[in-house]
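Next comes final.pdb, a file with PDB, C-alpha atoms.
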ATOM      1  CA  MET A1152      14.764  -3.105 -33.890
ATOM      2  CA  ARG A1153      11.792  -1.128 -32.677
ATOM      3  CA  SER A1154      12.231   1.985 -30.591
ATOM      4  CA  PRO A1155       9.820   4.705 -29.455
ATOM      5  CA  VAL A1156      10.303   8.258 -30.626
ATOM      6  CA  SER A1157      12.915   9.522 -28.184
ATOM      7  CA  PRO A1158      16.171  11.465 -27.896
ATOM      8  CA  ASP A1159      19.203   9.754 -29.389
ATOM      9  CA  ARG A1160      20.430   7.061 -26.999
ATOM     10  CA  GLY A1161      24.089   7.899 -27.670
ATOM     11  CA  SER A1162      23.394  11.524 -26.841
ATOM     12  CA  SER A1163      21.823  10.476 -23.541
ATOM     13  CA  ARG A1164      24.898   8.414 -22.654
ATOM     14  CA  ARG A1165      27.251  11.284 -23.488
ATOM     15  CA  GLN A1166      25.179  13.655 -21.372
ATOM     16  CA  SER A1167      25.216  11.177 -18.477
ATOM     17  CA  SER A1168      28.969  10.726 -18.753
ATOM     18  CA  ARG A1169      29.505  14.473 -18.376
ATOM     19  CA  LEU A1170      27.876  14.478 -14.918
ATOM     20  CA  ASN A1171      30.502  15.259 -12.322
ATOM     21  CA  GLN A1172      30.584  13.273  -9.105
ATOM     22  CA  LYS A1173      29.632  16.427  -7.198
ATOM     23  CA  ASP A1174      26.426  16.666  -9.273
ATOM     24  CA  ILE A1175      25.224  13.233  -8.174
ATOM     25  CA  PRO A1176      22.859  13.528  -5.185
ATOM     26  CA  ALA A1177      23.234  11.180  -2.240
ATOM     27  CA  HIS A1178      19.533  10.284  -2.429
ATOM     28  CA  ARG A1179      16.900  10.760  -5.117
ATOM     29  CA  ILE A1180      13.236   9.781  -5.407
ATOM     30  CA  HIS A1181      12.079   8.349  -8.740
ATOM     31  CA  ALA A1182       8.300   8.094  -9.039
ATOM     32  CA  PHE A1183       5.890   6.764 -11.625
ATOM     33  CA  ALA A1184       3.113   9.122 -12.722
ATOM     34  CA  ASP A1185       0.350   7.194 -10.935
ATOM     35  CA  THR A1186       2.050   7.705  -7.546
ATOM     36  CA  ALA A1187       3.601  11.135  -8.192
ATOM     37  CA  ARG A1188       1.464  12.982  -5.648
ATOM     38  CA  PHE A1189       2.438  10.565  -2.873
ATOM     39  CA  ALA A1190       6.107  10.809  -3.915
ATOM     40  CA  ARG A1191       6.077  14.616  -3.864
ATOM     41  CA  HIS A1192       4.676  14.614  -0.335
ATOM     42  CA  LEU A1193       7.422  12.153   0.582
ATOM     43  CA  GLY A1194      10.105  14.354  -0.994
ATOM     44  CA  GLN A1195       8.831  17.453   0.787
ATOM     45  CA  ALA A1196       8.829  15.661   4.139
ATOM     46  CA  THR A1197      12.359  14.260   3.743
ATOM     47  CA  GLY A1198      14.067  16.955   1.665
ATOM     48  CA  VAL A1199      14.963  14.444  -1.068
ATOM     49  CA  SER A1200      14.809  15.621  -4.691
ATOM     50  CA  PHE A1201      12.121  14.212  -6.954
ATOM     51  CA  SER A1202      12.327  12.855 -10.502
ATOM     52  CA  SER A1203       9.648  11.273 -12.686
ATOM     53  CA  VAL A1204       9.871   7.857 -14.332
ATOM     54  CA  SER A1205       8.479   7.732 -17.861
ATOM     55  CA  VAL A1206       6.929   4.667 -19.499
ATOM     56  CA  HIS A1207       6.459   4.005 -23.208
ATOM     57  CA  SER A1208       4.042   1.213 -24.171
ATOM     58  CA  PHE A1209       4.605  -0.871 -27.285
ATOM     59  CA  PRO A1210       1.620  -2.222 -29.277
ATOM     60  CA  ASP A1211       2.080  -5.726 -27.866
ATOM     61  CA  GLY A1212       1.882  -4.431 -24.277
ATOM     62  CA  GLU A1213       5.590  -4.362 -23.461
ATOM     63  CA  SER A1214       6.872  -1.364 -21.513
ATOM     64  CA  LEU A1215      10.017   0.677 -22.004
ATOM     65  CA  VAL A1216      10.855   2.340 -18.691
ATOM     66  CA  ARG A1217      13.142   5.367 -18.659
ATOM     67  CA  ILE A1218      14.562   7.057 -15.568
ATOM     68  CA  HIS A1219      16.025  10.551 -15.740
ATOM     69  CA  PRO A1220      19.651  10.819 -14.511
ATOM     70  CA  PRO A1221      21.229  11.453 -12.181
ATOM     71  CA  ALA A1222      20.010   8.335 -10.432
ATOM     72  CA  GLY A1223      21.532   9.280  -7.091
ATOM     73  CA  ASN A1224      23.819   7.059  -5.078
ATOM     74  CA  HIS A1225      20.733   5.864  -3.233
ATOM     75  CA  ALA A1226      17.790   5.681  -5.650
ATOM     76  CA  ILE A1227      14.278   5.417  -4.193
ATOM     77  CA  VAL A1228      11.557   4.059  -6.490
ATOM     78  CA  VAL A1229       8.015   5.015  -5.458
ATOM     79  CA  ARG A1230       4.959   3.263  -6.846
ATOM     80  CA  SER A1231       1.738   1.840  -5.433
ATOM     81  CA  LEU A1232       1.345  -1.613  -6.951
ATOM     82  CA  CYS A1233      -2.413  -1.933  -7.304
ATOM     83  CA  ASN A1234      -3.264  -3.470 -10.714
ATOM     84  CA  PRO A1235       0.067  -5.219 -10.250
ATOM     85  CA  ASN A1236       0.651  -7.379 -13.307
ATOM     86  CA  ALA A1237       1.990  -4.532 -15.447
ATOM     87  CA  LYS A1238       3.334  -2.373 -12.628
ATOM     88  CA  LEU A1239       5.524  -5.071 -11.104
ATOM     89  CA  ILE A1240       7.378  -5.579 -14.385
ATOM     90  CA  GLU A1241       7.898  -1.822 -14.736
ATOM     91  CA  VAL A1242       9.341  -1.328 -11.245
ATOM     92  CA  LEU A1243      11.750  -4.223 -11.848
ATOM     93  CA  LEU A1244      12.859  -2.555 -15.090
ATOM     94  CA  ALA A1245      13.246   0.761 -13.243
ATOM     95  CA  ALA A1246      15.521  -0.883 -10.671
ATOM     96  CA  ASP A1247      17.744  -2.206 -13.446
ATOM     97  CA  ALA A1248      17.817   1.185 -15.197
ATOM     98  CA  LEU A1249      18.825   2.939 -11.984
ATOM     99  CA  ARG A1250      21.697   0.583 -11.281
ATOM    100  CA  ARG A1251      22.953   0.968 -14.856
ATOM    101  CA  ALA A1252      22.770   4.748 -14.344
ATOM    102  CA  GLY A1253      25.056   4.528 -11.314
ATOM    103  CA  ALA A1254      22.831   3.921  -8.272
ATOM    104  CA  GLN A1255      24.689   2.007  -5.565
ATOM    105  CA  ARG A1256      21.545   1.213  -3.581
ATOM    106  CA  VAL A1257      17.944   0.990  -4.780
ATOM    107  CA  THR A1258      14.960   1.109  -2.420
ATOM    108  CA  LEU A1259      11.369   0.364  -3.384
ATOM    109  CA  ILE A1260       8.574   2.198  -1.583
ATOM    110  CA  ALA A1261       5.312   0.498  -2.514
ATOM    111  CA  PRO A1262       2.501   1.946  -0.357
ATOM    112  CA  TYR A1263       0.393  -1.034  -1.473
ATOM    113  CA  LEU A1264       2.209  -4.334  -2.018
ATOM    114  CA  PRO A1265       0.310  -7.089  -3.891
ATOM    115  CA  TYR A1266       0.482 -10.893  -3.905
ATOM    116  CA  MET A1267       1.073 -11.181  -0.166
ATOM    117  CA  ARG A1268      -2.101 -13.091   0.752
ATOM    118  CA  GLN A1269      -1.289 -16.381  -1.058
ATOM    119  CA  ASP A1270       1.275 -17.724   1.420
ATOM    120  CA  ALA A1271       0.439 -21.424   1.038
ATOM    121  CA  VAL A1272      -0.857 -23.916  -1.520
ATOM    122  CA  PHE A1273      -4.569 -24.010  -0.761
ATOM    123  CA  ALA A1274      -5.453 -26.363  -3.638
ATOM    124  CA  LEU A1275      -3.362 -28.718  -5.737
ATOM    125  CA  GLY A1276      -1.956 -26.932  -8.763
ATOM    126  CA  GLU A1277      -1.684 -23.457  -7.208
ATOM    127  CA  PRO A1278       1.557 -21.467  -6.707
ATOM    128  CA  ILE A1279       2.731 -19.721  -3.563
ATOM    129  CA  SER A1280       2.497 -16.277  -5.118
ATOM    130  CA  GLN A1281       3.936 -14.547  -2.069
ATOM    131  CA  GLN A1282       7.252 -16.381  -2.439
ATOM    132  CA  VAL A1283       7.480 -15.844  -6.203
ATOM    133  CA  ILE A1284       6.930 -12.078  -6.034
ATOM    134  CA  GLY A1285       9.002 -11.716  -2.873
ATOM    135  CA  SER A1286      11.968 -13.416  -4.527
ATOM    136  CA  CYS A1287      11.787 -11.109  -7.571
ATOM    137  CA  LEU A1288      11.650  -7.981  -5.423
ATOM    138  CA  GLY A1289      14.463  -9.191  -3.174
ATOM    139  CA  GLN A1290      16.764  -9.698  -6.143
ATOM    140  CA  ALA A1291      15.986  -6.285  -7.663
ATOM    141  CA  PHE A1292      16.007  -4.069  -4.563
ATOM    142  CA  ASP A1293      18.200  -3.568  -1.511
ATOM    143  CA  ARG A1294      15.248  -2.484   0.614
ATOM    144  CA  VAL A1295      11.451  -2.600   0.353
ATOM    145  CA  LEU A1296       9.043  -0.463   2.393
ATOM    146  CA  THR A1297       5.286  -0.859   2.329
ATOM    147  CA  VAL A1298       2.286   0.017   4.495
ATOM    148  CA  GLU A1299       0.339  -2.710   6.274
ATOM    149  CA  ALA A1300       1.292  -5.708   4.118
ATOM    150  CA  HIS A1301      -1.483  -8.296   3.932
ATOM    151  CA  LEU A1302       0.372 -11.040   5.802
ATOM    152  CA  HIS A1303      -1.235 -13.988   7.564
ATOM    153  CA  ARG A1304       0.846 -17.001   8.580
ATOM    154  CA  VAL A1305       4.110 -15.164   7.843
ATOM    155  CA  GLN A1306       4.690 -12.472  10.438
ATOM    156  CA  ARG A1307       7.603 -10.456   8.995
ATOM    157  CA  LEU A1308       7.922  -9.007   5.501
ATOM    158  CA  ALA A1309      11.662  -9.743   5.639
ATOM    159  CA  ASP A1310      10.756 -13.444   5.751
ATOM    160  CA  VAL A1311       9.003 -13.000   2.392
ATOM    161  CA  ILE A1312      11.355 -10.611   0.576
ATOM    162  CA  PRO A1313      15.058 -11.512   0.928
ATOM    163  CA  CYS A1314      16.356  -7.997   1.561
ATOM    164  CA  GLN A1315      15.798  -5.292   4.187
ATOM    165  CA  ALA A1316      12.016  -5.372   3.963
ATOM    166  CA  GLN A1317       9.606  -3.664   6.336
ATOM    167  CA  SER A1318       5.834  -3.375   6.605
ATOM    168  CA  LEU A1319       4.894  -0.136   8.361
ATOM    169  CA  PRO A1320       1.873  -0.304  10.674
ATOM    170  CA  ALA A1321      -0.934   2.071   9.733
ATOM    171  CA  ALA A1322      -2.312   2.189  13.284
ATOM    172  CA  PRO A1323      -0.872   5.644  14.165
ATOM    173  CA  VAL A1324      -2.517   7.489  11.239
ATOM    174  CA  LEU A1325      -5.771   5.518  11.550
ATOM    175  CA  ALA A1326      -5.986   6.341  15.247
ATOM    176  CA  GLN A1327      -5.456  10.036  14.476
ATOM    177  CA  TRP A1328      -8.409   9.936  12.067
ATOM    178  CA  VAL A1329     -10.618   8.230  14.673
ATOM    179  CA  ARG A1330      -9.772  10.823  17.341
ATOM    180  CA  ARG A1331     -10.217  13.707  14.895
ATOM    181  CA  THR A1332     -13.632  12.624  13.621
ATOM    182  CA  GLY A1333     -15.511  11.821  16.808
ATOM    183  CA  ASP A1334     -15.477  10.891  20.473
ATOM    184  CA  GLN A1335     -16.897   7.784  22.154
ATOM    185  CA  SER A1336     -16.030   5.582  19.192
ATOM    186  CA  LEU A1337     -16.068   1.805  19.331
ATOM    187  CA  LEU A1338     -13.522   0.201  16.996
ATOM    188  CA  VAL A1339     -14.772  -2.960  15.331
ATOM    189  CA  GLY A1340     -12.754  -5.654  13.577
ATOM    190  CA  PRO A1341     -14.826  -7.809  11.215
ATOM    191  CA  ASP A1342     -12.977 -11.069  11.973
ATOM    192  CA  GLU A1343     -10.331 -12.725  14.113
ATOM    193  CA  GLU A1344      -7.566 -11.964  11.593
ATOM    194  CA  SER A1345      -7.993  -8.245  12.302
ATOM    195  CA  GLU A1346      -7.660  -8.581  16.076
ATOM    196  CA  SER A1347      -4.006  -7.624  16.586
ATOM    197  CA  TRP A1348      -4.035  -4.468  14.518
ATOM    198  CA  VAL A1349      -7.541  -3.351  15.611
ATOM    199  CA  HIS A1350      -6.207  -3.628  19.138
ATOM    200  CA  ALA A1351      -3.194  -1.462  18.153
ATOM    201  CA  ILE A1352      -5.447   1.228  16.641
ATOM    202  CA  ALA A1353      -7.700   1.171  19.710
ATOM    203  CA  GLN A1354      -4.739   1.596  22.048
ATOM    204  CA  ALA A1355      -3.436   4.562  20.057
ATOM    205  CA  ALA A1356      -6.909   6.122  19.893
ATOM    206  CA  GLN A1357      -7.682   5.267  23.533
ATOM    207  CA  ALA A1358     -10.946   3.693  22.432
ATOM    208  CA  PRO A1359     -12.778   0.441  23.245
ATOM    209  CA  TRP A1360     -12.818  -2.330  20.654
ATOM    210  CA  ILE A1361     -14.409  -5.629  19.732
ATOM    211  CA  VAL A1362     -13.751  -8.249  17.054
ATOM    212  CA  GLY A1363     -16.312 -10.312  15.206
ATOM    213  CA  ARG A1364     -16.292 -13.944  14.199
ATOM    214  CA  LYS A1365     -16.695 -14.395  10.451
ATOM    215  CA  GLU A1366     -18.112 -17.543   8.933
ATOM    216  CA  ARG A1367     -18.000 -18.061   5.152
ATOM    217  CA  LEU A1368     -21.177 -19.771   3.993
ATOM    218  CA  ASN A1369     -20.212 -19.916   0.300
ATOM    219  CA  ASP A1370     -18.090 -18.026  -2.244
ATOM    220  CA  HIS A1371     -20.286 -14.933  -2.028
ATOM    221  CA  THR A1372     -21.866 -15.045   1.436
ATOM    222  CA  VAL A1373     -20.392 -14.509   4.890
ATOM    223  CA  ARG A1374     -21.955 -14.235   8.328
ATOM    224  CA  ILE A1375     -20.409 -12.166  11.116
ATOM    225  CA  ARG A1376     -21.249 -12.476  14.790
ATOM    226  CA  PHE A1377     -20.199  -9.852  17.346
ATOM    227  CA  PRO A1378     -20.119 -10.074  21.142
ATOM    228  CA  ALA A1379     -22.350  -7.732  23.102
ATOM    229  CA  VAL A1380     -21.756  -4.205  21.828
ATOM    230  CA  PRO A1381     -20.948  -1.742  24.632
ATOM    231  CA  PRO A1382     -22.694   1.658  24.646
ATOM    232  CA  CYS A1383     -21.113   3.988  22.108
ATOM    233  CA  ALA A1384     -21.874   7.111  20.072
ATOM    234  CA  ARG A1385     -20.632   5.404  16.891
ATOM    235  CA  ALA A1386     -18.900   2.270  15.693
ATOM    236  CA  VAL A1387     -15.962   2.393  13.279
ATOM    237  CA  ILE A1388     -15.378  -0.804  11.315
ATOM    238  CA  VAL A1389     -11.700  -1.107  10.396
ATOM    239  CA  ASP A1390     -10.090  -3.412   7.838
ATOM    240  CA  ASP A1391      -6.764  -3.536   6.012
ATOM    241  CA  ILE A1392      -8.086  -4.272   2.501
ATOM    242  CA  ALA A1393     -11.558  -3.822   1.030
ATOM    243  CA  SER A1394     -12.463  -4.908  -2.497
ATOM    244  CA  SER A1395     -16.067  -6.032  -3.038
ATOM    245  CA  GLY A1396     -17.208  -4.381   0.192
ATOM    246  CA  GLY A1397     -19.095  -7.507   1.198
ATOM    247  CA  THR A1398     -17.453  -7.974   4.579
ATOM    248  CA  LEU A1399     -17.898  -4.305   5.529
ATOM    249  CA  ALA A1400     -21.560  -4.421   4.471
ATOM    250  CA  VAL A1401     -22.306  -7.569   6.481
ATOM    251  CA  ALA A1402     -20.520  -6.134   9.530
ATOM    252  CA  ALA A1403     -22.494  -2.878   9.252
ATOM    253  CA  ARG A1404     -25.855  -4.647   8.981
ATOM    254  CA  THR A1405     -24.996  -6.840  11.974
ATOM    255  CA  LEU A1406     -24.096  -3.792  14.070
ATOM    256  CA  CYS A1407     -27.325  -2.074  13.019
ATOM    257  CA  ARG A1408     -29.315  -5.072  14.242
ATOM    258  CA  GLN A1409     -27.486  -4.805  17.565
ATOM    259  CA  GLY A1410     -28.625  -1.213  17.987
ATOM    260  CA  VAL A1411     -25.662   0.872  16.812
ATOM    261  CA  ALA A1412     -27.058   4.095  15.352
ATOM    262  CA  THR A1413     -23.973   5.569  13.639
ATOM    263  CA  ILE A1414     -21.535   3.402  11.717
ATOM    264  CA  ASP A1415     -18.403   4.527   9.865
ATOM    265  CA  ALA A1416     -15.815   2.407   8.062
ATOM    266  CA  LEU A1417     -12.079   2.809   7.764
ATOM    267  CA  VAL A1418      -9.758   0.845   5.455
ATOM    268  CA  VAL A1419      -6.069   1.034   4.644
ATOM    269  CA  HIS A1420      -6.037  -0.167   1.026
ATOM    270  CA  ALA A1421      -9.092   0.851  -1.030
ATOM    271  CA  ILE A1422      -9.172  -1.870  -3.709
ATOM    272  CA  PHE A1423     -12.844  -1.232  -4.440
ATOM    273  CA  THR A1424     -14.572  -3.010  -7.314
ATOM    274  CA  PRO A1425     -17.497  -1.385  -9.186
ATOM    275  CA  GLY A1426     -20.570  -1.266  -6.967
ATOM    276  CA  ALA A1427     -18.644  -1.723  -3.731
ATOM    277  CA  LEU A1428     -19.256   1.791  -2.384
ATOM    278  CA  ALA A1429     -22.995   1.588  -3.070
ATOM    279  CA  ARG A1430     -23.114  -1.801  -1.339
ATOM    280  CA  ILE A1431     -21.357  -0.457   1.755
ATOM    281  CA  ARG A1432     -23.470   2.691   2.024
ATOM    282  CA  ALA A1433     -26.702   0.736   1.489
ATOM    283  CA  ALA A1434     -25.743  -1.358   4.525
ATOM    284  CA  GLY A1435     -25.849   1.754   6.728
ATOM    285  CA  VAL A1436     -22.261   3.074   6.670
ATOM    286  CA  ARG A1437     -22.305   6.849   7.017
ATOM    287  CA  THR A1438     -18.661   7.731   6.265
ATOM    288  CA  LEU A1439     -16.127   5.584   4.436
ATOM    289  CA  ALA A1440     -12.473   6.669   4.603
ATOM    290  CA  SER A1441      -9.250   5.129   3.344
ATOM    291  CA  CYS A1442      -5.519   5.750   3.325
ATOM    292  CA  ASP A1443      -3.905   7.101   0.164
ATOM    293  CA  THR A1444      -1.865   3.924  -0.399
ATOM    294  CA  VAL A1445      -4.176   3.215  -3.360
ATOM    295  CA  PRO A1446      -5.531   6.318  -5.148
ATOM    296  CA  HIS A1447      -9.306   6.418  -4.642
ATOM    297  CA  PRO A1448     -12.042   9.037  -4.017
ATOM    298  CA  THR A1449     -12.367   7.786  -0.413
ATOM    299  CA  ASN A1450      -8.752   8.720   0.414
ATOM    300  CA  ALA A1451      -8.898  10.841   3.559
ATOM    301  CA  ILE A1452      -5.724   9.793   5.370
ATOM    302  CA  ARG A1453      -2.227  10.649   4.157
ATOM    303  CA  SER A1454       0.255   7.848   4.721
ATOM    304  CA  ALA A1455       3.260   9.688   3.244
ATOM    305  CA  PRO A1456       4.185  11.141   6.695
ATOM    306  CA  LEU A1457       4.231   7.586   8.063
ATOM    307  CA  VAL A1458       6.562   6.445   5.279
ATOM    308  CA  ALA A1459       8.645   9.621   5.559
ATOM    309  CA  THR A1460       9.416   8.907   9.218
ATOM    310  CA  ALA A1461      10.750   5.460   8.332
ATOM    311  CA  LEU A1462      12.651   6.805   5.315
ATOM    312  CA  LYS A1463      14.348   9.522   7.384
ATOM    313  CA  GLU A1464      15.741   6.852   9.700
ATOM    314  CA  ILE A1465      17.137   5.012   6.676
ATOM    315  CA  LEU A1466      18.666   8.163   5.195
ATOM    316  CA  GLN A1467      20.393   8.995   8.447
TER
END

Represent the structure from my file as structure tokens, please.
Amino acid sequence: MRSPVSPDRGSSRRQSSRLNQKDIPAHRIHAFADTARFARHLGQATGVSFSSVSVHSFPDGESLVRIHPPAGNHAIVVRSLCNPNAKLIEVLLAADALRRAGAQRVTLIAPYLPYMRQDAVFALGEPISQQVIGSCLGQAFDRVLTVEAHLHRVQRLADVIPCQAQSLPAAPVLAQWVRRTGDQSLLVGPDEESESWVHAIAQAAQAPWIVGRKERLNDHTVRIRFPAVPPCARAVIVDDIASSGGTLAVAARTLCRQGVATIDALVVHAIFTPGALARIRAAGVRTLASCDTVPHPTNAIRSAPLVATALKEILQ
């Protein structure tokens, strides 16, 4: 049987068994290395102790996940699930390890939660990925928290994940960034799907807003039409997820043609592919900012305080 170089497993069990009940914390954060910075901010804001989760990779790509006891009566796993195919397996293994180490409740905090957009069969032969992943997470965790889940026809995350699941709106922290970076800003949603949350950001920022109408011409080309743009010092295009940057670029060029001199862009989840930033800036976007739900050089907005507020309510 293969095993990575590690301390003796029997020794680890004996050490764990010597932990007194008084040494077991009520709550403990367990974070993977790629989300450690976010988790530390979360721990500082809530006063919950922090522990790292280690991962050993076998040659065939399997992962051995190891948590570091004590698990805590309430164990909180923190990991952003961009590049999800490996990370999802590892957080499921972490949940199992924590329960075997004594955790009575296990919460997942995934600042970015994948596989939420495929909520229907769009072509014969496709799965409903949202339901598959939601079912797995609901069986492994007692609670799931994320930021601005990419939901469409399904309105509540709890309808996707069969546990106490909640998608936290990013509008408060996005509105703070808008107010902090300039007055007389017009908030712009690139399409009808963005209307409800662009409206929420605009209300919090006390700013005017408009929403475009997006038409997909083919797999790689979209056209966006905006209503008459009111006078403004700058326009801020806002979107929940950006990957290729195509939609942001088209929106920026359309606003330029309508006479907007200064254009910034703001996204929650920065899933940028190679060349996306150059494409967006070439379209006339001056400043591009994102939340830290997905680690990226454009991260300018901390979402840990947003998550910490929700977590404090749970801990109480």

| task | Would you list the contacts of Ser1205 (chain A) as a PyMOL selection string, taking every protein, DNA or RNA residue within 12 Å and counting all atoms listed in the file, but skipping same-chain residues closer than 6 positions in sequence? | result | chain A and resi 1157+1181-1185+1187+1214-1219+1241-1242+1244-1245+1248

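Taking CA of Pro1448 (chain A) as the reference point, CA of Ala1421 (chain A) is found at 9.2 Å.
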
| request: Extract, using all atoms listed in the file, all DNA, RNA and protein residues at most 10 Å from Leu1302 (chain A), discarding same-chain residues fewer than 2 positions from it, and format them as an MDAnalysis selection string. | output: chainID A and resid 1266:1270 1281 1299:1300 1304:1308 1311 1318 1344

| message | From (-12.1, 9.6, 11.8), in the file's coordinates, out to 12 Å: which residues are reached, counting all atoms listed in the file? Answer as number ranges by chain. | response | A: 1324-1338, 1352, 1356, 1385-1389, 1414-1418, 1437-1442, 1450-1452

| query | If you count all atoms listed in the file, which residues fall within 9 Å of Leu1243 (chain A), apart from same-chain ones fewer than 2 positions away, as a list in words? | reply | Lys1238, Leu1239, Ile1240, Glu1241, Ala1245, Ala1246, Asp1247, Ala1248, Cys1287, Leu1288, Ala1291 and Phe1292 of chain A

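Of the residues listed (A:Trp1360, A:Asp1390, A:Ala1321, A:Pro1341), A:Pro1341 shows the shortest atom-to-atom separation from Val1373 (chain A); distances use all atoms listed in the file.
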
| query | Within 9 Å of (8.8, 11.7, -1.6), in the coordinates the file gives, what residues turn up when you count all atoms listed in the file, written out as a PyMOL selection string? | reply | chain A and resi 1179-1182+1187-1201+1227+1229+1455+1458-1459

| said: So the first atom is CA of His1178 (chain A) and the second is CA of Cys1314 (chain A); what is the distance between them in Å, to one decimal place? | reply: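 So the two atoms, CA of His1178 (chain A) and CA of Cys1314 (chain A), lie 19.0 Å apart.
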
| request: Starting from the displayed file, determine the output of the PyMOL selection byres ((chain A and resi 1363) around 12) and express the residue list as a ChimeraX atom specification. | output: /A:1338-1346,1349,1360-1362,1364-1366,1373-1380,1388-1390,1398-1399,1401-1403,1405-1406

| task | For CA of Leu1296 (chain A) and CA of Val1257 (chain A), determine how far apart the two atoms are, in Å to one decimal place. | result | 11.5 Å

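Distances to Ala1427 (chain A) were evaluated for A:Ala1322, A:Ala1400, A:Val1283, A:Ala1271 using only C-alpha atoms, and the minimum falls at A:Ala1400.
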
| field | Of the listed residues A:Pro1221, A:Pro1323, A:Gly1396, A:Gly1410, that which approaches Thr1372 (chain A) most closely, counting all atoms listed in the file | value |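 The shortest atom-to-atom distance to Thr1372 (chain A) comes from A:Gly1396.
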
Filled-in N, CA and C atoms of region 1314-1325 of chain A, supplied as a PDB file, in the coordinates of the input:
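To be explicit, this is the file written out as result12.pdb:
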ATOM      1  N   CYS A1314      15.545  -9.217   1.457  1.00  0.00           N
ATOM      2  CA  CYS A1314      16.356  -7.997   1.561  1.00  0.00           C
ATOM      3  C   CYS A1314      15.880  -7.287   2.824  1.00  0.00           C
ATOM      4  N   GLN A1315      16.259  -6.039   3.012  1.00  0.00           N
ATOM      5  CA  GLN A1315      15.798  -5.292   4.187  1.00  0.00           C
ATOM      6  C   GLN A1315      14.365  -4.817   3.912  1.00  0.00           C
ATOM      7  N   ALA A1316      13.422  -5.641   4.277  1.00  0.00           N
ATOM      8  CA  ALA A1316      12.016  -5.372   3.963  1.00  0.00           C
ATOM      9  C   ALA A1316      11.246  -5.073   5.243  1.00  0.00           C
ATOM     10  N   GLN A1317      10.341  -4.096   5.154  1.00  0.00           N
ATOM     11  CA  GLN A1317       9.606  -3.664   6.336  1.00  0.00           C
ATOM     12  C   GLN A1317       8.185  -3.275   5.967  1.00  0.00           C
ATOM     13  N   SER A1318       7.234  -3.776   6.731  1.00  0.00           N
ATOM     14  CA  SER A1318       5.834  -3.375   6.605  1.00  0.00           C
ATOM     15  C   SER A1318       5.517  -2.400   7.728  1.00  0.00           C
ATOM     16  N   LEU A1319       5.149  -1.178   7.367  1.00  0.00           N
ATOM     17  CA  LEU A1319       4.894  -0.136   8.361  1.00  0.00           C
ATOM     18  C   LEU A1319       3.455  -0.230   8.855  1.00  0.00           C
ATOM     19  N   PRO A1320       3.240  -0.247  10.156  1.00  0.00           N
ATOM     20  CA  PRO A1320       1.873  -0.304  10.674  1.00  0.00           C
ATOM     21  C   PRO A1320       1.134   1.001  10.424  1.00  0.00           C
ATOM     22  N   ALA A1321      -0.117   0.888  10.006  1.00  0.00           N
ATOM     23  CA  ALA A1321      -0.934   2.071   9.733  1.00  0.00           C
ATOM     24  C   ALA A1321      -1.675   2.560  10.968  1.00  0.00           C
ATOM     25  N   ALA A1322      -1.555   1.845  12.084  1.00  0.00           N
ATOM     26  CA  ALA A1322      -2.312   2.189  13.284  1.00  0.00           C
ATOM     27  C   ALA A1322      -2.173   3.648  13.712  1.00  0.00           C
ATOM     28  N   PRO A1323      -0.974   4.255  13.696  1.00  0.00           N
ATOM     29  CA  PRO A1323      -0.872   5.644  14.165  1.00  0.00           C
ATOM     30  C   PRO A1323      -1.743   6.621  13.370  1.00  0.00           C
ATOM     31  N   VAL A1324      -1.732   6.532  12.026  1.00  0.00           N
ATOM     32  CA  VAL A1324      -2.517   7.489  11.239  1.00  0.00           C
ATOM     33  C   VAL A1324      -4.007   7.163  11.287  1.00  0.00           C
ATOM     34  N   LEU A1325      -4.361   5.881  11.420  1.00  0.00           N
ATOM     35  CA  LEU A1325      -5.771   5.518  11.550  1.00  0.00           C
ATOM     36  C   LEU A1325      -6.331   6.005  12.883  1.00  0.00           C
TER      37      LEU A1325
END
